[in-house]
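> So I've got this file, query_4.pdb, and it contains PDB, C-alpha atoms, pLDDT in the B column:
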```pdb
MODEL        1
ATOM      1  CA  MET A   1       0.000   0.000   0.000  1.00 76.00           C
ATOM      2  CA  GLU A   2       1.196   3.497  -0.875  1.00 90.00           C
ATOM      3  CA  LEU A   3       2.353   5.521   2.125  1.00 96.00           C
ATOM      4  CA  LEU A   4       4.232   8.566   0.804  1.00 96.00           C
ATOM      5  CA  ASP A   5       3.296  10.359  -2.401  1.00 97.00           C
ATOM      6  CA  VAL A   6       5.546  13.214  -3.574  1.00 96.00           C
ATOM      7  CA  ARG A   7       3.943  15.029  -6.489  1.00 96.00           C
ATOM      8  CA  ASP A   8       5.868  17.453  -8.710  1.00 96.00           C
ATOM      9  CA  VAL A   9       7.497  19.237  -5.774  1.00 96.00           C
ATOM     10  CA  ARG A  10       9.357  22.469  -6.481  1.00 95.00           C
ATOM     11  CA  LYS A  11      11.160  24.660  -3.986  1.00 94.00           C
ATOM     12  CA  VAL A  12      12.403  28.097  -4.992  1.00 92.00           C
ATOM     13  CA  TYR A  13      14.291  30.389  -2.644  1.00 88.00           C
ATOM     14  CA  ALA A  14      14.372  34.108  -3.331  1.00 82.00           C
ATOM     15  CA  SER A  15      15.425  37.288  -1.570  1.00 71.00           C
ATOM     16  CA  ARG A  16      15.853  40.938  -2.417  1.00 67.00           C
ATOM     17  CA  LEU A  17      19.638  40.535  -2.451  1.00 67.00           C
ATOM     18  CA  THR A  18      19.999  37.397  -4.571  1.00 66.00           C
ATOM     19  CA  SER A  19      18.404  35.890  -7.643  1.00 78.00           C
ATOM     20  CA  LYS A  20      15.995  32.988  -7.323  1.00 84.00           C
ATOM     21  CA  THR A  21      17.494  29.601  -6.546  1.00 86.00           C
ATOM     22  CA  THR A  22      15.620  26.452  -7.485  1.00 89.00           C
ATOM     23  CA  ALA A  23      16.478  23.787  -4.923  1.00 92.00           C
ATOM     24  CA  LEU A  24      13.890  21.237  -6.118  1.00 93.00           C
ATOM     25  CA  ASP A  25      12.499  21.143  -9.631  1.00 93.00           C
ATOM     26  CA  GLY A  26       9.557  18.799 -10.119  1.00 94.00           C
ATOM     27  CA  VAL A  27      10.462  15.932  -7.792  1.00 95.00           C
ATOM     28  CA  THR A  28       7.977  13.070  -8.041  1.00 96.00           C
ATOM     29  CA  PHE A  29       8.117   9.632  -6.430  1.00 96.00           C
ATOM     30  CA  LYS A  30       6.134   7.284  -4.189  1.00 96.00           C
ATOM     31  CA  VAL A  31       7.080   5.098  -1.233  1.00 97.00           C
ATOM     32  CA  LYS A  32       5.096   1.998  -0.323  1.00 96.00           C
ATOM     33  CA  GLU A  33       4.468   0.867   3.224  1.00 96.00           C
ATOM     34  CA  GLY A  34       7.360  -1.281   4.393  1.00 96.00           C
ATOM     35  CA  GLU A  35       9.886   0.046   1.852  1.00 97.00           C
ATOM     36  CA  PHE A  36      13.422   1.077   2.718  1.00 97.00           C
ATOM     37  CA  VAL A  37      14.386   3.901   0.361  1.00 97.00           C
ATOM     38  CA  ALA A  38      17.728   5.695   0.215  1.00 97.00           C
ATOM     39  CA  ILE A  39      18.234   9.106  -1.395  1.00 96.00           C
ATOM     40  CA  MET A  40      21.680   9.983  -2.713  1.00 94.00           C
ATOM     41  CA  GLY A  41      23.262  12.927  -4.511  1.00 88.00           C
ATOM     42  CA  GLU A  42      26.028  15.501  -4.354  1.00 85.00           C
ATOM     43  CA  SER A  43      26.087  18.292  -1.795  1.00 82.00           C
ATOM     44  CA  GLY A  44      23.734  20.992  -3.035  1.00 80.00           C
ATOM     45  CA  SER A  45      21.659  18.565  -5.107  1.00 84.00           C
ATOM     46  CA  GLY A  46      18.505  19.199  -3.061  1.00 87.00           C
ATOM     47  CA  LYS A  47      18.562  16.214  -0.681  1.00 90.00           C
ATOM     48  CA  THR A  48      18.344  18.257   2.518  1.00 88.00           C
ATOM     49  CA  THR A  49      15.631  20.521   1.130  1.00 91.00           C
ATOM     50  CA  LEU A  50      13.611  17.471   0.120  1.00 94.00           C
ATOM     51  CA  LEU A  51      14.045  15.859   3.532  1.00 92.00           C
ATOM     52  CA  ASN A  52      12.923  19.071   5.264  1.00 92.00           C
ATOM     53  CA  ILE A  53       9.767  19.141   3.142  1.00 94.00           C
ATOM     54  CA  LEU A  54       9.048  15.460   3.827  1.00 95.00           C
ATOM     55  CA  ALA A  55       9.529  16.177   7.538  1.00 92.00           C
ATOM     56  CA  ALA A  56       7.025  19.049   7.354  1.00 91.00           C
ATOM     57  CA  LEU A  57       9.779  21.435   8.450  1.00 90.00           C
ATOM     58  CA  ASP A  58       9.415  23.381   5.203  1.00 91.00           C
ATOM     59  CA  ARG A  59       6.709  23.756   2.583  1.00 93.00           C
ATOM     60  CA  PRO A  60       7.114  23.370  -1.185  1.00 94.00           C
ATOM     61  CA  THR A  61       6.720  26.346  -3.503  1.00 93.00           C
ATOM     62  CA  ASP A  62       4.654  24.155  -5.819  1.00 95.00           C
ATOM     63  CA  GLY A  63       3.491  20.568  -5.771  1.00 95.00           C
ATOM     64  CA  ALA A  64       2.444  18.518  -2.769  1.00 95.00           C
ATOM     65  CA  VAL A  65       3.508  15.754  -0.385  1.00 96.00           C
ATOM     66  CA  TYR A  66       0.910  13.286   0.877  1.00 96.00           C
ATOM     67  CA  LEU A  67       1.484  10.985   3.827  1.00 95.00           C
ATOM     68  CA  LYS A  68      -1.192   8.311   4.027  1.00 93.00           C
ATOM     69  CA  GLY A  69      -3.370  10.560   1.859  1.00 92.00           C
ATOM     70  CA  GLN A  70      -2.913  13.690   3.990  1.00 93.00           C
ATOM     71  CA  ASN A  71      -1.505  16.762   2.265  1.00 95.00           C
ATOM     72  CA  LEU A  72       1.290  18.072   4.489  1.00 94.00           C
ATOM     73  CA  SER A  73       0.897  21.610   3.141  1.00 91.00           C
ATOM     74  CA  ALA A  74      -2.729  21.663   4.286  1.00 92.00           C
ATOM     75  CA  ILE A  75      -1.785  21.111   7.934  1.00 92.00           C
ATOM     76  CA  LYS A  76      -2.085  24.314   9.943  1.00 91.00           C
ATOM     77  CA  ASP A  77       1.055  25.696  11.565  1.00 88.00           C
ATOM     78  CA  LYS A  78      -0.411  25.224  15.038  1.00 90.00           C
ATOM     79  CA  ASP A  79      -0.957  21.515  14.341  1.00 92.00           C
ATOM     80  CA  ILE A  80       2.287  20.665  12.552  1.00 92.00           C
ATOM     81  CA  THR A  81       4.318  19.779  15.655  1.00 90.00           C
ATOM     82  CA  ILE A  82       1.674  17.304  16.812  1.00 91.00           C
ATOM     83  CA  PHE A  83       1.499  15.841  13.296  1.00 93.00           C
ATOM     84  CA  ARG A  84       5.256  15.234  13.230  1.00 91.00           C
ATOM     85  CA  ARG A  85       5.218  13.704  16.695  1.00 90.00           C
ATOM     86  CA  ASN A  86       2.368  11.337  15.838  1.00 91.00           C
ATOM     87  CA  ASN A  87       3.479  10.272  12.373  1.00 94.00           C
ATOM     88  CA  LEU A  88       7.220  10.707  11.883  1.00 94.00           C
ATOM     89  CA  GLY A  89      10.340   9.312  13.492  1.00 94.00           C
ATOM     90  CA  PHE A  90      13.689  11.071  13.078  1.00 92.00           C
ATOM     91  CA  VAL A  91      17.269   9.789  13.179  1.00 91.00           C
ATOM     92  CA  PHE A  92      19.957  12.452  12.759  1.00 87.00           C
ATOM     93  CA  GLN A  93      23.683  12.302  12.064  1.00 82.00           C
ATOM     94  CA  GLU A  94      24.579  13.969  15.377  1.00 81.00           C
ATOM     95  CA  PHE A  95      22.017  11.990  17.437  1.00 81.00           C
ATOM     96  CA  ASP A  96      20.327  15.155  18.863  1.00 87.00           C
ATOM     97  CA  LEU A  97      19.937  13.677  22.344  1.00 92.00           C
ATOM     98  CA  LEU A  98      19.463  15.912  25.400  1.00 93.00           C
ATOM     99  CA  SER A  99      22.592  15.563  27.514  1.00 92.00           C
ATOM    100  CA  ASN A 100      20.832  16.403  30.794  1.00 94.00           C
ATOM    101  CA  PHE A 101      18.232  13.654  30.197  1.00 96.00           C
ATOM    102  CA  SER A 102      18.910   9.973  30.799  1.00 96.00           C
ATOM    103  CA  ASN A 103      18.774   7.749  27.736  1.00 96.00           C
ATOM    104  CA  GLU A 104      15.430   6.438  28.927  1.00 96.00           C
ATOM    105  CA  ASP A 105      14.029   9.951  29.249  1.00 96.00           C
ATOM    106  CA  ASN A 106      15.335  10.852  25.783  1.00 96.00           C
ATOM    107  CA  ILE A 107      13.561   7.856  24.287  1.00 96.00           C
ATOM    108  CA  LEU A 108      10.306   8.511  26.113  1.00 96.00           C
ATOM    109  CA  LEU A 109      10.193  12.253  25.410  1.00 94.00           C
ATOM    110  CA  PRO A 110       7.822  12.014  22.391  1.00 93.00           C
ATOM    111  CA  LEU A 111       5.354  10.026  24.505  1.00 94.00           C
ATOM    112  CA  VAL A 112       5.698  12.386  27.461  1.00 94.00           C
ATOM    113  CA  LEU A 113       4.853  15.308  25.184  1.00 91.00           C
ATOM    114  CA  ALA A 114       1.856  13.347  23.923  1.00 90.00           C
ATOM    115  CA  ASN A 115       0.653  12.813  27.534  1.00 92.00           C
ATOM    116  CA  TYR A 116       0.952   9.023  27.582  1.00 94.00           C
ATOM    117  CA  HIS A 117       0.535   7.235  30.896  1.00 95.00           C
ATOM    118  CA  TYR A 118       3.731   5.913  32.462  1.00 93.00           C
ATOM    119  CA  LYS A 119       2.529   2.292  32.278  1.00 94.00           C
ATOM    120  CA  ASP A 120       1.855   2.615  28.540  1.00 94.00           C
ATOM    121  CA  MET A 121       5.256   4.216  27.961  1.00 95.00           C
ATOM    122  CA  MET A 122       7.035   1.380  29.761  1.00 95.00           C
ATOM    123  CA  ALA A 123       5.053  -1.184  27.770  1.00 95.00           C
ATOM    124  CA  ARG A 124       6.429   0.322  24.564  1.00 94.00           C
ATOM    125  CA  LEU A 125       9.944   0.910  25.857  1.00 96.00           C
ATOM    126  CA  GLY A 126      10.685  -2.640  26.967  1.00 94.00           C
ATOM    127  CA  PRO A 127      10.442  -4.454  23.614  1.00 93.00           C
ATOM    128  CA  ILE A 128      12.263  -1.673  21.746  1.00 94.00           C
ATOM    129  CA  ALA A 129      15.136  -1.531  24.239  1.00 94.00           C
ATOM    130  CA  GLU A 130      15.410  -5.321  24.098  1.00 92.00           C
ATOM    131  CA  ALA A 131      15.427  -5.406  20.286  1.00 90.00           C
ATOM    132  CA  LEU A 132      18.093  -2.678  20.058  1.00 91.00           C
ATOM    133  CA  GLY A 133      20.252  -4.116  22.848  1.00 91.00           C
ATOM    134  CA  ILE A 134      20.165  -0.991  25.016  1.00 94.00           C
ATOM    135  CA  LYS A 135      18.357  -2.160  28.169  1.00 94.00           C
ATOM    136  CA  GLU A 136      21.522  -1.743  30.246  1.00 95.00           C
ATOM    137  CA  LEU A 137      22.002   1.801  28.902  1.00 95.00           C
ATOM    138  CA  LEU A 138      18.609   3.259  29.827  1.00 96.00           C
ATOM    139  CA  LYS A 139      19.624   4.788  33.166  1.00 96.00           C
ATOM    140  CA  LYS A 140      22.860   6.204  31.783  1.00 96.00           C
ATOM    141  CA  TYR A 141      23.252   9.575  30.071  1.00 96.00           C
ATOM    142  CA  PRO A 142      24.249  10.188  26.439  1.00 95.00           C
ATOM    143  CA  TYR A 143      27.715  11.447  27.423  1.00 94.00           C
ATOM    144  CA  GLU A 144      28.392   8.155  29.218  1.00 95.00           C
ATOM    145  CA  ILE A 145      28.004   5.929  26.151  1.00 94.00           C
ATOM    146  CA  SER A 146      29.640   5.523  22.743  1.00 92.00           C
ATOM    147  CA  GLY A 147      28.528   7.111  19.482  1.00 90.00           C
ATOM    148  CA  GLY A 148      27.109   3.843  18.211  1.00 91.00           C
ATOM    149  CA  GLN A 149      25.158   3.381  21.428  1.00 93.00           C
ATOM    150  CA  ARG A 150      23.855   6.959  21.245  1.00 92.00           C
ATOM    151  CA  GLN A 151      22.591   6.296  17.737  1.00 91.00           C
ATOM    152  CA  ARG A 152      20.769   3.173  18.930  1.00 92.00           C
ATOM    153  CA  VAL A 153      19.125   5.305  21.620  1.00 95.00           C
ATOM    154  CA  ALA A 154      18.150   7.776  18.892  1.00 93.00           C
ATOM    155  CA  VAL A 155      16.624   4.947  16.848  1.00 94.00           C
ATOM    156  CA  ALA A 156      14.647   3.854  19.916  1.00 95.00           C
ATOM    157  CA  ARG A 157      13.351   7.422  20.304  1.00 95.00           C
ATOM    158  CA  ALA A 158      12.331   7.411  16.628  1.00 94.00           C
ATOM    159  CA  LEU A 159      10.451   4.126  17.048  1.00 94.00           C
ATOM    160  CA  ILE A 160       8.724   4.807  20.366  1.00 95.00           C
ATOM    161  CA  ASN A 161       5.777   6.688  18.848  1.00 93.00           C
ATOM    162  CA  GLU A 162       5.216   3.909  16.270  1.00 93.00           C
ATOM    163  CA  PRO A 163       5.707   6.293  13.324  1.00 95.00           C
ATOM    164  CA  LYS A 164       4.350   5.752   9.853  1.00 95.00           C
ATOM    165  CA  ILE A 165       7.809   6.485   8.462  1.00 96.00           C
ATOM    166  CA  ILE A 166      11.330   7.007   9.819  1.00 96.00           C
ATOM    167  CA  LEU A 167      13.294   9.829   8.182  1.00 95.00           C
ATOM    168  CA  ALA A 168      17.039   9.334   8.622  1.00 94.00           C
ATOM    169  CA  ASP A 169      19.532  12.079   7.768  1.00 92.00           C
ATOM    170  CA  GLU A 170      23.055  10.690   7.246  1.00 91.00           C
ATOM    171  CA  PRO A 171      22.564   8.309  10.206  1.00 91.00           C
ATOM    172  CA  THR A 172      26.000   6.677   9.839  1.00 90.00           C
ATOM    173  CA  GLY A 173      27.862   9.945   9.210  1.00 87.00           C
ATOM    174  CA  ALA A 174      29.241  10.316  12.747  1.00 83.00           C
ATOM    175  CA  LEU A 175      29.898   6.610  13.362  1.00 88.00           C
ATOM    176  CA  ASP A 176      32.938   4.391  12.966  1.00 89.00           C
ATOM    177  CA  SER A 177      32.793   1.400  10.631  1.00 91.00           C
ATOM    178  CA  LYS A 178      31.739  -1.130  13.268  1.00 91.00           C
ATOM    179  CA  SER A 179      29.002   1.109  14.680  1.00 89.00           C
ATOM    180  CA  SER A 180      27.785   1.909  11.160  1.00 91.00           C
ATOM    181  CA  ASP A 181      27.449  -1.789  10.379  1.00 92.00           C
ATOM    182  CA  GLU A 182      25.514  -2.338  13.610  1.00 91.00           C
ATOM    183  CA  LEU A 183      23.144   0.538  12.859  1.00 91.00           C
ATOM    184  CA  LEU A 184      22.502  -0.618   9.300  1.00 93.00           C
ATOM    185  CA  SER A 185      21.748  -4.104  10.578  1.00 93.00           C
ATOM    186  CA  ILE A 186      19.236  -2.559  12.992  1.00 92.00           C
ATOM    187  CA  PHE A 187      17.617  -0.620  10.146  1.00 94.00           C
ATOM    188  CA  GLU A 188      17.411  -3.812   8.122  1.00 93.00           C
ATOM    189  CA  LYS A 189      15.844  -5.642  11.066  1.00 93.00           C
ATOM    190  CA  ILE A 190      13.175  -3.049  11.807  1.00 94.00           C
ATOM    191  CA  ASN A 191      12.420  -2.672   8.093  1.00 95.00           C
ATOM    192  CA  LYS A 192      11.843  -6.414   7.783  1.00 94.00           C
ATOM    193  CA  ALA A 193       9.453  -6.083  10.730  1.00 92.00           C
ATOM    194  CA  GLY A 194       7.406  -3.641   8.627  1.00 94.00           C
ATOM    195  CA  GLN A 195       8.836  -0.202   9.439  1.00 95.00           C
ATOM    196  CA  THR A 196       9.049   2.167   6.449  1.00 97.00           C
ATOM    197  CA  ILE A 197      12.379   4.021   6.259  1.00 97.00           C
ATOM    198  CA  LEU A 198      13.557   6.879   4.048  1.00 97.00           C
ATOM    199  CA  MET A 199      17.260   7.641   4.451  1.00 96.00           C
ATOM    200  CA  VAL A 200      19.394  10.429   3.001  1.00 94.00           C
ATOM    201  CA  THR A 201      23.003   9.294   2.787  1.00 93.00           C
ATOM    202  CA  HIS A 202      26.343   9.816   1.048  1.00 91.00           C
ATOM    203  CA  SER A 203      27.413   6.289   1.949  1.00 93.00           C
ATOM    204  CA  VAL A 204      27.219   3.681  -0.809  1.00 94.00           C
ATOM    205  CA  LYS A 205      27.445   0.990   1.844  1.00 94.00           C
ATOM    206  CA  ALA A 206      24.474   2.422   3.755  1.00 95.00           C
ATOM    207  CA  ALA A 207      22.439   2.754   0.561  1.00 95.00           C
ATOM    208  CA  SER A 208      23.139  -0.877  -0.343  1.00 96.00           C
ATOM    209  CA  PHE A 209      20.988  -1.916   2.644  1.00 96.00           C
ATOM    210  CA  ALA A 210      17.951  -0.173   1.099  1.00 96.00           C
ATOM    211  CA  SER A 211      15.473  -1.837  -1.220  1.00 96.00           C
ATOM    212  CA  ARG A 212      15.526   1.157  -3.580  1.00 97.00           C
ATOM    213  CA  VAL A 213      17.864   4.096  -4.181  1.00 97.00           C
ATOM    214  CA  LEU A 214      16.795   7.434  -5.651  1.00 96.00           C
ATOM    215  CA  PHE A 215      19.526   9.652  -7.077  1.00 95.00           C
ATOM    216  CA  ILE A 216      18.884  13.374  -7.044  1.00 93.00           C
ATOM    217  CA  LYS A 217      20.786  15.878  -9.165  1.00 90.00           C
ATOM    218  CA  ASP A 218      20.182  19.598  -9.651  1.00 89.00           C
ATOM    219  CA  GLY A 219      16.910  19.315  -7.764  1.00 91.00           C
ATOM    220  CA  LYS A 220      15.515  16.507  -9.917  1.00 93.00           C
ATOM    221  CA  ILE A 221      15.276  12.735  -9.660  1.00 93.00           C
ATOM    222  CA  PHE A 222      18.122  11.647 -11.922  1.00 89.00           C
ATOM    223  CA  HIS A 223      17.779   7.860 -11.679  1.00 93.00           C
ATOM    224  CA  GLU A 224      16.575   5.070  -9.417  1.00 95.00           C
ATOM    225  CA  LEU A 225      17.748   1.548  -8.688  1.00 96.00           C
ATOM    226  CA  TYR A 226      15.844  -1.397  -7.231  1.00 96.00           C
ATOM    227  CA  LYS A 227      17.741  -4.013  -5.256  1.00 96.00           C
ATOM    228  CA  GLY A 228      15.444  -6.888  -6.098  1.00 95.00           C
ATOM    229  CA  ASP A 229      17.315 -10.161  -5.676  1.00 95.00           C
ATOM    230  CA  LEU A 230      20.764  -8.574  -5.870  1.00 95.00           C
ATOM    231  CA  SER A 231      23.273  -9.253  -3.109  1.00 94.00           C
ATOM    232  CA  TYR A 232      24.624  -6.366  -1.033  1.00 92.00           C
ATOM    233  CA  GLU A 233      27.875  -6.588  -2.972  1.00 94.00           C
ATOM    234  CA  ASP A 234      26.217  -6.439  -6.397  1.00 96.00           C
ATOM    235  CA  PHE A 235      23.870  -3.635  -5.335  1.00 96.00           C
ATOM    236  CA  PHE A 236      26.862  -1.757  -3.894  1.00 96.00           C
ATOM    237  CA  ILE A 237      28.568  -1.945  -7.294  1.00 96.00           C
ATOM    238  CA  LYS A 238      25.466  -0.729  -9.160  1.00 96.00           C
ATOM    239  CA  ILE A 239      25.047   2.204  -6.771  1.00 96.00           C
ATOM    240  CA  SER A 240      28.736   3.098  -7.029  1.00 95.00           C
ATOM    241  CA  ASP A 241      28.652   2.953 -10.824  1.00 93.00           C
ATOM    242  CA  THR A 242      25.585   5.205 -10.934  1.00 92.00           C
ATOM    243  CA  LEU A 243      27.211   7.756  -8.633  1.00 89.00           C
ATOM    244  CA  THR A 244      30.342   7.743 -10.793  1.00 88.00           C
ATOM    245  CA  PHE A 245      28.237   8.426 -13.882  1.00 85.00           C
ATOM    246  CA  LEU A 246      26.376  11.194 -12.054  1.00 80.00           C
ATOM    247  CA  LEU A 247      29.616  12.858 -10.936  1.00 75.00           C
ATOM    248  CA  LYS A 248      31.190  12.611 -14.376  1.00 73.00           C
ATOM    249  CA  GLY A 249      28.114  14.330 -15.789  1.00 63.00           C
ATOM    250  CA  SER A 250      28.646  17.148 -13.285  1.00 55.00           C
ATOM    251  CA  ASP A 251      32.291  17.487 -14.287  1.00 53.00           C
ATOM    252  CA  ARG A 252      31.332  17.979 -17.928  1.00 48.00           C
ATOM    253  CA  ARG A 253      29.229  21.022 -17.190  1.00 46.00           C
TER
ENDMDL
END
```
Now that the file is in, can you turn its structure into structure tokens?

Amino acid sequence: MELLDVRDVRKVYASRLTSKTTALDGVTFKVKEGEFVAIMGESGSGKTTLLNILAALDRPTDGAVYLKGQNLSAIKDKDITIFRRNNLGFVFQEFDLLSNFSNEDNILLPLVLANYHYKDMMARLGPIAEALGIKELLKKYPYEISGGQRQRVAVARALINEPKIILADEPTGALDSKSSDELLSIFEKINKAGQTILMVTHSVKAASFASRVLFIKDGKIFHELYKGDLSYEDFFIKISDTLTFLLKGSDRR
């Protein structure tokens, strides 16, 4: 079933001091429930702008984004924070955990803000902490654990509100190789359990864990690849070859 529907999205920035800049130029794609989609492209290609629009942090100049049939642009400003909290999960490159909160409190924060009862929060926390291997870390603080462990706490926070989709922004960017592999395995595990994931990444290795990769260039969808029955290694090669072609095209301009 279709979950995310991005229709001809354009984003144009303008000011009195500079000429208009088109960050997105007619981006169109769909994401089905349970898909794991990666978005790749050079710096300045429009990836971050697109992610901000999908996260309802920005609005398109033209076009529309529908999540489960709801037009994000039609949501009133006073309701947008509640919408994000109830429907979206976020995983960031720099974790974005509150250092003066325990890991448990960081994870539970979305539910606290939504006025959940303590018993209900604990009922959700237990299985997630067990699945992510962080039960022994819950009473500690973010500064007391490693980067890989902090990112697992961040994933738990993203999952706690049972989001329709997880939006991940360079989630392996601040991790070492071992921690990156662990995180990608976690993403693969929760995706196989039915969680929809959309991930922006520069990492070919990270993208090779996705079921589909969209390549964005100059604010447009340049190409897409489906993993299908390919192995990680073969998909890695196809992604790498596509990026090489994309970059060579940029060099010729």
> How far is it from CA of Leu51 in chain A to CA of Ala38 in chain A, in Å with one decimal?
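Computing it gives 11.3 Å between the two atoms.
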> Going by the chain IDs and residue numbers used in this file, which residues fall under the PyMOL selection byres ((chain A and resi 168) around 10)? Write them as a ChimeraX atom specification.
/A:38,51,89-93,155,158,165-167,169-172,197-201
> When you count all atoms listed in the file, which of these residues is closest to Leu132 in chain A: A:Ser185, A:Asn87, A:Ser177, A:Thr196?
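Going through A:Ser185, A:Asn87, A:Ser177, A:Thr196 one by one, the smallest distance to Leu132 in chain A is for A:Ser185.
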> Of the candidates A:Asn103, A:Leu246, A:Gly34, A:Glu188, which one gets nearest to Asp218 in chain A if we count only C-alpha atoms?
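Checking each of A:Asn103, A:Leu246, A:Gly34, A:Glu188 against Asp218 in chain A, counting only C-alpha atoms, the winner is A:Leu246.
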> Nearest to Leu72 in chain A: which of A:Arg59, A:Arg212, A:Lys238, A:Arg85 is it, counting all atoms listed in the file?
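That would be A:Arg59, the residue with the smallest distance to Leu72 in chain A.
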> Tell me, as a list in words, which residues lie within 12 Å of range 111-122 of chain A, counting all atoms listed in the file; anything in the same chain fewer than 6 positions away does not count.
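In the requested format, the answer is Thr81, Ile82, Phe83, Arg84, Arg85, Asn86, Glu104, Asp105, Ile128, Ala129, Lys135, Leu138, Arg157, Ala158, Leu159, Ile160, Asn161, Glu162 and Pro163 of chain A.
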> Translate the PyMOL selection byres ((chain A and resi 204) around 7) into a concrete residue list for this structure, as a list in words.
His202, Ser203, Lys205, Ala206, Ala207, Ser208, Phe236, Ile239 and Ser240 of chain A
> Using all atoms listed in the file, which protein or nucleic acid residues come within 12 Å of range 42-44 of chain A? Drop anything in the same chain fewer than 5 positions from it, and give the result as a ChimeraX atom specification.
/A:21-24,49-50,200-203,215-220,222,243-244,246-251
